[in-house]
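Notes follow once the structure below has been shown.
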Amino acid sequence: MTLPSIATAVVQWQASHGRNHLPWQQTRDPYRVWLSEIMLQQTQVSTVLGYYQRFLDAFPDVASLAAAPQDAVLALWSGLGYYSRARNLHKCAQTVVDQWGGAFPQTAEELVSLPGIGRSTAGAIASFCFSQRVPILDANVRRVLTRVLAFDGDLAQAKNERLLWEHAQQLCPTSDLQQSMPRYTQGMMDLGASICIPRKPGCLVCPLHSECRAGRAGNPESYPVRTRKVKRSSESWWLLIAMDQDQRVWLQKRPQSGIWAGLYSTPVFDSFEALQRSVHLNWPARESQDWHEMPAFLHVLTHKDLHLHPVLVPMNKAHTAMVSEVNDACWADAAAWADLGLPAPIRKLLDAEIQPL
């Protein structure tokens, strides 16, 4: 099988066996394709489906997203994780409106200049929406390519990553690009998601089985090669759940960088003693005998484990008045926090664990 016929095989397989029912596949609107691509980074299709529709209901086009306050964007993103995606999504929409007149640029070279759009995302938008002959190299496609080519270069090294991009470019279709590029790009994604999976790939039903060098060698699970491993770390956080007599909780906006950046959260401390000091400083009359240390729980991030220790501290009206006027902070009841951008574990804690005092 030659390189052009690899593309043909993928295109034909995608038409008959690939995913063709997803809502973002029924359009060439770059706004909708871009939104799906950003949401699908590090997130499964099944999870994205609901968020995608709710997001479009609130922001049906790039202009409405650009005009929205960041808090509204983060609120709709709450639970998807990787919140820098939402912040960059908002910035990107504003850039498209301000610098491109509300129309997405049509080449990968121009798309990659926008906030939050990397080379692979730019390639996907250019391929799906404008049939540009450019590759993508997300995790699924990287796995397919390295196995088909038996590409054993260490992808932790930039030179090998660049070389794989060159191979990916060579494999793209060369004819009927209007139809073949969108289907080829989707086909490569589908192969990586459904057949060429990390463990126990379905080689016998793969349309590239006869050409796959790793398959013939019997070692597809050896690819891709990446030696650099990210070390996991852990932290313990104490969460101050200050609740007043009206069932409102004190929430503060997190800094614009770091974990949960830009989201509203209960105040966070690195020790119980630090939480105590803060309470006694901000609410001097608050006695500690009626504090309630709730069960600790684990929240897993990509490279870090967060051990969260909620502490419920009841407040009366006098205590509430002491901190009623603070920038980027507020007392919020259940109706209010439903519309705020909250980290998933904080939202779950407030929705499910907080009981009336």
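Identifiers for the structure tokens are assigned positionally: chains receive A, B, ... in sequence, residues are indexed from 1 per chain, and ligands are indexed from 1 in the order shown.
Summary of the local environment: counting only C-alpha atoms, residues at most 12 Å from Val141 in chain A, other than itself and those fewer than 6 positions away along its chain, are A:Val10, A:Ser120, A:Ala124, A:Pro135, A:Arg147, A:Val148, A:Leu164, A:Trp165, A:His167, A:Ala168, A:Leu171, A:Tyr184, A:Thr185, A:Gln186, A:Gly187, A:Met188, A:Met189, A:Asp190, A:Leu191, A:Gly192, A:Ala193, A:Ser194, A:Ile195, A:Cys196, A:Ile197, A:Pro198, A:Tyr223, A:Pro224.
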**Request:** Just the residues within 12 Å of Gly262 in chain A, please, counting only C-alpha atoms, with nothing from its chain fewer than 6 positions along; format it as a list in words.
**Result:**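 Within the cut-off, the hits are Pro69, Gln70, Asp71, Ala72, Val73, Leu74, Ala75, Trp77, Ser78, Tyr82, Tyr83, Ser84, Arg85, Ala86, Arg87, Asn88, Gln252, Lys253, Arg254, Pro255, Gln256, Asp328, Ala329, Leu340, Gly341, Leu342 and Pro343 of chain A.
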**Request:** Identify which of the residues A:Asn282, A:Trp260, A:Ser233, A:Leu145 lies closest to His307 in chain A, counting only C-alpha atoms when measuring atom-to-atom distances.
**Result:**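 Under the stated criterion, the closest residue is A:Ser233.
Counting only C-alpha atoms and comparing A:Ser271, A:Pro310, A:Asp333, A:Trp34, the residue that lies closest to Trp250 in chain A is A:Asp333.
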**Message:** List as a VMD selection string the protein and nucleic acid residues near Thr47 in chain A, meaning an atom at most 12 Å away when only C-alpha atoms are counted, but skip any in the same chain fewer than 4 places from it.
**Reply:** chain A and resid 36 39 to 43 51 to 53 77 79 to 81
Any chance you could export the current selection's N, CA and C atoms as an mmCIF file, in the first residue's frame?
data_model
loop_
_atom_site.group_PDB
_atom_site.id
_atom_site.type_symbol
_atom_site.label_atom_id
_atom_site.label_comp_id
_atom_site.auth_asym_id
_atom_site.auth_seq_id
_atom_site.Cartn_x
_atom_site.Cartn_y
_atom_site.Cartn_z
ATOM 1 N N SER A 36 -16.049 22.617 19.417
ATOM 2 C CA SER A 36 -15.969 21.177 19.684
ATOM 3 C C SER A 36 -14.524 20.731 19.871
ATOM 4 N N MET A 39 -13.342 21.763 23.346
ATOM 5 C CA MET A 39 -13.981 20.958 24.384
ATOM 6 C C MET A 39 -13.463 19.522 24.406
ATOM 7 N N LEU A 40 -13.134 18.985 23.234
ATOM 8 C CA LEU A 40 -12.709 17.589 23.139
ATOM 9 C C LEU A 40 -11.270 17.365 23.578
ATOM 10 N N GLN A 41 -10.522 18.439 23.825
ATOM 11 C CA GLN A 41 -9.165 18.276 24.334
ATOM 12 C C GLN A 41 -9.236 17.731 25.760
ATOM 13 N N GLN A 42 -8.690 16.585 25.981
ATOM 14 C CA GLN A 42 -8.629 15.944 27.298
ATOM 15 C C GLN A 42 -10.006 15.559 27.849
ATOM 16 N N THR A 43 -11.041 15.510 26.979
ATOM 17 C CA THR A 43 -12.390 15.223 27.455
ATOM 18 C C THR A 43 -13.079 14.264 26.492
ATOM 19 N N TYR A 51 -22.411 19.577 27.205
ATOM 20 C CA TYR A 51 -21.806 20.907 27.353
ATOM 21 C C TYR A 51 -21.856 21.670 26.031
ATOM 22 N N TYR A 52 -21.603 20.985 24.950
ATOM 23 C CA TYR A 52 -21.564 21.619 23.630
ATOM 24 C C TYR A 52 -22.900 22.273 23.306
ATOM 25 N N GLN A 53 -23.992 21.550 23.519
ATOM 26 C CA GLN A 53 -25.300 22.111 23.192
ATOM 27 C C GLN A 53 -25.674 23.252 24.122
ATOM 28 N N TRP A 77 -18.737 26.309 31.611
ATOM 29 C CA TRP A 77 -17.640 25.350 31.488
ATOM 30 C C TRP A 77 -17.468 24.511 32.751
ATOM 31 N N GLY A 79 -17.103 22.010 35.458
ATOM 32 C CA GLY A 79 -17.197 20.558 35.423
ATOM 33 C C GLY A 79 -16.427 19.932 34.282
ATOM 34 N N LEU A 80 -16.095 20.713 33.237
ATOM 35 C CA LEU A 80 -15.316 20.178 32.115
ATOM 36 C C LEU A 80 -13.827 20.102 32.441
ATOM 37 N N GLY A 81 -13.380 20.906 33.414
ATOM 38 C CA GLY A 81 -11.970 20.888 33.779
ATOM 39 C C GLY A 81 -11.084 21.614 32.790
#
**Request:** Write out as a ChimeraX atom specification all residues of range 99-252 of chain A that backbone DSSP assigns to alpha helix (DSSP H).
**Result:** /A:99-100,108-111,119-130,139-149,158-171,177-194,213-217
**Message:** Using only C-alpha atoms for the distances, tell me which of A:Thr302, A:Gln132, A:Ser127, A:Ser16 is nearest to Val230 in chain A.
**Reply:** A:Thr302
**Residues within 10 Å of Pro173 in chain A, only C-alpha atoms, excluding chain neighbours under 3 positions, as a PyMOL selection string** = chain A and resi 3-8+10-11+133-135+169-170+176-177+179-181+183-185
**Given only C-alpha atoms as the counted atoms, nearest of A:Val225, A:Ala352, A:Ala63, A:Val112 to Gly153 in chain A** = A:Val225
